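First comes the structure, then the notes that go with it.
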Amino acid sequence: MTPFEMNNQTDVTEFIFLGFSNHPKLQGLFFLVFLIIYLTTLLGNMFIMTATRISLALHTPMYYFLSNLSFLDICYTSTTIPVMLVNFFREKKTISYEGCLSQIFFLVTCAGTECVLLAAMAYDRYVAICHPLQYPVLMSVKVCVFLVSGSWLCGLVNSVTHTVLAATLTLCGPNQISHFLCDIPLLLKLSCSDTSLNESVLHVASATIGLSPCLFTGVSYILIISAILRIPSAQGRSKAFPTCASHLTVVVVFYGMANFNYDRPRGYSLDMDILVSVLFCVMTPMLNPIIYSLRNKEVKGALRKLIVPQDTLAPARVN
């Protein structure tokens, strides 16, 4: 595009989402399905947060991290699903330029923070299994707060960098996004200016915020599994592994979905692209509390007490 052609076009002030546009007759069904998913995500993660705060048995580093993960999942889904639900009732599914940048900021913040937080949770499990006697010192309150704060700081720095660079892009049309949300790669496709710096920073961030925590988590679990296998008794092994099974499941789901979402071969149909993104951006935050509830006896016990108070379970007094 020549400079004359760029100047001859109006700047983009809003974007049109094409996600789910192939099925206009199913908008009501889509709204109902995503509303149920959103409410389930909110309810499940709020239950986890409340249970970890109320139950004294869950006042440990592992559940402190889990509570932060639940809060993170609520923020993640609240960035995309409410806009999507509103757009189901609009013939023209739009978002303003400022709204798009805001969505990118919060999405990248939450995604980056979750990558680092999952690595911190893996470190917690590594210390608990491989260095149990040093656990109170290595995972003190100060260390836990530092790890969580560091996770959020990494996510924020990464997000601010990408958002500022995205704001410098020249967008002069078209303004159609083949998705139901704003994301950096999608915005780069619409730019009519040089995107080499944005792409370079994106690759660096993928290695530092995405790949490095993933490798750290993988190495941690190799050491954890090796330590568990060295436990002589089968009973000891069966007690040790469940303490990290839920987190390992969440890690596999998160990184598996993320890899499939961002690194799959291009050329799929719009419907397939939307389905894959829904699995990563919408389903994963809903699955996290379910995984921890199903595979963790302490969480199940705390949730049971939260839903059914002990007073209602106590037998009636006989005079």
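In the structure tokens, chains take the letters A, B, ... in the order shown, each chain's residues start at 1, and ligands count up from 1 in the order shown.
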
How close does region 92-126 of chain A get to region 64-80 of chain A? List, as CSV, each residue of region 92-126 of chain A within 9 Å, its nearest atom pair and the distance in Å to one decimal, counting only C-alpha atoms.
residue,atom,partner,partner_atom,distance
A:Ser102,CA,A:Thr79,CA,8.9
A:Gln103,CA,A:Thr79,CA,6.2
A:Ile104,CA,A:Thr79,CA,9.0
A:Phe106,CA,A:Thr79,CA,6.7
A:Leu107,CA,A:Tyr76,CA,6.3
A:Thr109,CA,A:Tyr76,CA,8.8
A:Cys110,CA,A:Tyr76,CA,5.8
A:Ala111,CA,A:Tyr76,CA,7.7
A:Thr113,CA,A:Leu72,CA,8.1
A:Glu114,CA,A:Leu69,CA,7.1
A:Leu117,CA,A:Leu69,CA,7.4
A:Leu118,CA,A:Leu69,CA,8.3
A:Ala120,CA,A:Phe65,CA,8.1
A:Met121,CA,A:Phe65,CA,6.5

As a PyMOL selection string, please: every residue in region 71-288 of chain A that DSSP puts in alpha helix (DSSP H). chain A and resi 71-87+97-130+135-138+141-167+184-190+196-205+212-229+234-240+242-263+270-278+284-288

Residue contacts of region 134-151 of chain A (6 Å, only C-alpha atoms) excluding same-chain residues fewer than 2 positions away, as a compact mmCIF listing (two decimals) with N, CA and C atoms, in the first residue's frame:
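The new file part04.txt reads:
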# COMPACT_ATOMS: atom_id res chain seq x y z
N THR A 113 0.10 -13.89 33.29
CA THR A 113 0.13 -14.15 34.73
C THR A 113 -0.13 -15.61 35.03
N VAL A 116 2.99 -17.86 34.48
CA VAL A 116 3.98 -17.77 35.55
C VAL A 116 3.43 -18.35 36.86
N LEU A 117 2.14 -18.12 37.13
CA LEU A 117 1.53 -18.63 38.36
C LEU A 117 1.52 -20.16 38.38
N VAL A 127 8.79 -28.42 46.10
CA VAL A 127 9.33 -28.28 47.46
C VAL A 127 8.61 -29.21 48.42
N ALA A 128 7.28 -29.32 48.29
CA ALA A 128 6.49 -30.17 49.20
C ALA A 128 6.87 -31.64 49.07
N HIS A 131 11.47 -31.66 49.14
CA HIS A 131 12.11 -31.08 50.32
C HIS A 131 11.08 -30.79 51.41
N PRO A 132 10.39 -31.82 51.88
CA PRO A 132 9.29 -31.60 52.84
C PRO A 132 9.73 -30.96 54.16
N LEU A 153 3.15 -9.18 38.13
CA LEU A 153 4.05 -8.18 37.57
C LEU A 153 4.54 -8.59 36.18
N CYS A 154 4.90 -9.86 36.02
CA CYS A 154 5.32 -10.36 34.71
C CYS A 154 4.20 -10.20 33.68

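Distance annotation: of A:Val164, A:Val252, A:Ile95, A:Ile290, the residue with the minimal separation from Glu14 (chain A) is A:Ile95; atom set is only C-alpha atoms.
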
CA of Phe280 (chain A) sits from CA of Tyr63 (chain A) at a separation of 23.3 Å

Near-Ala227 (chain A) list (10 Å; only C-alpha atoms; drop same-chain fewer than 3 positions) as a VMD selection string: chain A and resid 126 129 to 131 221 to 224 230 to 231 237 240

Could you dump the residues just selected with N, CA and C atoms as a PDB file, in the first residue's frame?
ATOM      1  N   TYR A 126       6.965 -29.072  44.035  1.00  0.00           N
ATOM      2  CA  TYR A 126       8.319 -29.633  44.043  1.00  0.00           C
ATOM      3  C   TYR A 126       8.918 -29.571  45.450  1.00  0.00           C
ATOM      4  N   ILE A 129       7.160 -32.110  47.864  1.00  0.00           N
ATOM      5  CA  ILE A 129       7.463 -33.534  47.640  1.00  0.00           C
ATOM      6  C   ILE A 129       8.940 -33.833  47.828  1.00  0.00           C
ATOM      7  N   CYS A 130       9.805 -32.961  47.296  1.00  0.00           N
ATOM      8  CA  CYS A 130      11.241 -33.248  47.280  1.00  0.00           C
ATOM      9  C   CYS A 130      11.980 -32.700  48.504  1.00  0.00           C
ATOM     10  N   HIS A 131      11.466 -31.663  49.142  1.00  0.00           N
ATOM     11  CA  HIS A 131      12.114 -31.083  50.324  1.00  0.00           C
ATOM     12  C   HIS A 131      11.077 -30.794  51.407  1.00  0.00           C
ATOM     13  N   TYR A 221       8.081 -31.328  37.438  1.00  0.00           N
ATOM     14  CA  TYR A 221       7.306 -32.558  37.562  1.00  0.00           C
ATOM     15  C   TYR A 221       8.131 -33.799  37.243  1.00  0.00           C
ATOM     16  N   ILE A 222       9.168 -33.655  36.446  1.00  0.00           N
ATOM     17  CA  ILE A 222      10.090 -34.782  36.259  1.00  0.00           C
ATOM     18  C   ILE A 222      10.767 -35.119  37.587  1.00  0.00           C
ATOM     19  N   LEU A 223      11.202 -34.092  38.301  1.00  0.00           N
ATOM     20  CA  LEU A 223      11.829 -34.297  39.614  1.00  0.00           C
ATOM     21  C   LEU A 223      10.814 -34.804  40.634  1.00  0.00           C
ATOM     22  N   ILE A 224       9.593 -34.286  40.572  1.00  0.00           N
ATOM     23  CA  ILE A 224       8.553 -34.728  41.504  1.00  0.00           C
ATOM     24  C   ILE A 224       8.228 -36.203  41.299  1.00  0.00           C
ATOM     25  N   ARG A 230      10.700 -43.087  44.047  1.00  0.00           N
ATOM     26  CA  ARG A 230      11.716 -43.585  44.980  1.00  0.00           C
ATOM     27  C   ARG A 230      11.146 -43.895  46.351  1.00  0.00           C
ATOM     28  N   ILE A 231       9.907 -43.532  46.596  1.00  0.00           N
ATOM     29  CA  ILE A 231       9.267 -43.862  47.875  1.00  0.00           C
ATOM     30  C   ILE A 231       9.063 -45.383  47.923  1.00  0.00           C
ATOM     31  N   ARG A 237       3.502 -43.737  48.075  1.00  0.00           N
ATOM     32  CA  ARG A 237       3.401 -43.176  46.729  1.00  0.00           C
ATOM     33  C   ARG A 237       1.979 -42.721  46.426  1.00  0.00           C
ATOM     34  N   ALA A 240       1.389 -39.384  48.104  1.00  0.00           N
ATOM     35  CA  ALA A 240       2.171 -38.255  47.605  1.00  0.00           C
ATOM     36  C   ALA A 240       1.638 -37.725  46.276  1.00  0.00           C
TER      37      ALA A 240
END

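Pairwise distance (CA of Ile37 (chain A), CA of Val108 (chain A)) equals 21.3 Å.
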
In Å and to one decimal, CA of Asp124 (chain A) is distant from CA of Thr41 (chain A) by 25.0 Å

Pick out the residues sitting within 12 Å of Leu165 (chain A), and hand them over as a PDB file with C-alpha atoms, in the first residue's frame; count only C-alpha atoms, and ignore anything fewer than 2 positions along from it in its own chain.
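Okay, selection.pdb is ready:
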ATOM      1  CA  LEU A 101      -7.007  -2.336  23.085  1.00  0.00           C
ATOM      2  CA  ILE A 104      -5.990  -7.049  24.544  1.00  0.00           C
ATOM      3  CA  PHE A 105      -4.458  -5.526  27.688  1.00  0.00           C
ATOM      4  CA  ASN A 158       4.277  -8.096  29.158  1.00  0.00           C
ATOM      5  CA  SER A 159       0.769  -6.755  28.562  1.00  0.00           C
ATOM      6  CA  VAL A 160       1.726  -3.068  28.780  1.00  0.00           C
ATOM      7  CA  THR A 161       4.515  -3.643  26.264  1.00  0.00           C
ATOM      8  CA  HIS A 162       2.237  -5.343  23.735  1.00  0.00           C
ATOM      9  CA  THR A 163      -0.629  -2.878  24.229  1.00  0.00           C
ATOM     10  CA  ALA A 167      -1.509   1.366  19.882  1.00  0.00           C
ATOM     11  CA  THR A 168       1.246   2.613  17.564  1.00  0.00           C
ATOM     12  CA  LEU A 169       0.023   0.516  14.623  1.00  0.00           C
ATOM     13  CA  THR A 170      -1.552   2.277  11.668  1.00  0.00           C
ATOM     14  CA  ILE A 184      -2.465  -9.242  19.078  1.00  0.00           C
ATOM     15  CA  LEU A 187      -4.608  -6.885  15.071  1.00  0.00           C
ATOM     16  CA  LEU A 188      -1.269  -7.293  13.292  1.00  0.00           C
ATOM     17  CA  SER A 191      -2.198  -3.201  10.184  1.00  0.00           C
ATOM     18  CA  SER A 193       2.218  -0.233   8.814  1.00  0.00           C
ATOM     19  CA  ASP A 194       5.430  -2.096   9.635  1.00  0.00           C
ATOM     20  CA  THR A 195       4.758  -4.796  12.253  1.00  0.00           C
ATOM     21  CA  SER A 196       8.277  -6.254  12.494  1.00  0.00           C
ATOM     22  CA  LEU A 197       8.896  -4.789  15.983  1.00  0.00           C
ATOM     23  CA  ASN A 198       5.553  -6.084  17.262  1.00  0.00           C
ATOM     24  CA  GLU A 199       6.274  -9.547  15.879  1.00  0.00           C
ATOM     25  CA  SER A 200       9.776  -9.622  17.377  1.00  0.00           C
ATOM     26  CA  VAL A 201       8.476  -8.636  20.812  1.00  0.00           C
ATOM     27  CA  LEU A 202       5.720 -11.231  20.454  1.00  0.00           C
TER      28      LEU A 202
END

Exercise for review: If you run DSSP over the backbone, which residues in region 3-183 of chain A end up strand (DSSP E)? Put them as a PyMOL selection string.
Suggested key: chain A and resi 14-17+94-96+176-177

Deliver the residues from the most recent selection as a file, using N, CA, C and O atoms, as a short mmCIF file (atom, residue, chain, number, x, y, z; two decimals), in the first residue's frame.
data_model
loop_
_atom_site.label_atom_id
_atom_site.label_comp_id
_atom_site.auth_asym_id
_atom_site.auth_seq_id
_atom_site.Cartn_x
_atom_site.Cartn_y
_atom_site.Cartn_z
N GLU A 14 -13.54 1.43 14.99
CA GLU A 14 -14.20 0.29 15.59
C GLU A 14 -13.88 -0.96 14.76
O GLU A 14 -13.43 -0.87 13.62
N PHE A 15 -14.11 -2.12 15.38
CA PHE A 15 -13.86 -3.39 14.72
C PHE A 15 -15.15 -4.20 14.69
O PHE A 15 -15.99 -4.09 15.61
N ILE A 16 -15.30 -5.01 13.65
CA ILE A 16 -16.46 -5.87 13.51
C ILE A 16 -16.02 -7.31 13.71
O ILE A 16 -15.14 -7.81 12.99
N PHE A 17 -16.60 -7.98 14.69
CA PHE A 17 -16.30 -9.39 14.94
C PHE A 17 -17.09 -10.27 13.97
O PHE A 17 -18.31 -10.11 13.84
N THR A 94 -19.81 -5.30 17.03
CA THR A 94 -18.69 -4.37 17.00
C THR A 94 -18.06 -4.19 18.37
O THR A 94 -18.65 -4.51 19.41
N ILE A 95 -16.85 -3.65 18.35
CA ILE A 95 -16.15 -3.20 19.55
C ILE A 95 -15.34 -1.97 19.15
O ILE A 95 -14.79 -1.90 18.05
N SER A 96 -15.29 -0.98 20.01
CA SER A 96 -14.56 0.24 19.70
C SER A 96 -13.06 -0.03 19.67
O SER A 96 -12.57 -1.03 20.21
N GLN A 176 -12.50 -5.73 9.93
CA GLN A 176 -13.19 -6.97 10.30
C GLN A 176 -12.21 -7.95 10.93
O GLN A 176 -11.15 -8.25 10.36
N ILE A 177 -12.57 -8.46 12.12
CA ILE A 177 -11.75 -9.43 12.84
C ILE A 177 -12.44 -10.79 12.77
O ILE A 177 -13.59 -10.92 13.21
#

Using only C-alpha atoms, the residue out of A:Val278, A:Val83, A:Val157, A:Cys214 with shortest distance to Cys100 (chain A) is A:Val83

Min atom-atom distance to Pro185 (chain A) from the set A:Ala245, A:His203, A:Ile225, A:Leu26, counting only C-alpha atoms, belongs to A:His203

Show me, as a count of residues only, the residues that have an atom within 9 Å of Leu287 (chain A) when counting only C-alpha atoms, minus same-chain residues fewer than 2 positions from it. 11

One residue among A:Ile48, A:Ala57, A:Met84, A:Leu42 is nearest to His179 (chain A) when using only C-alpha atoms, and that residue is A:Met84
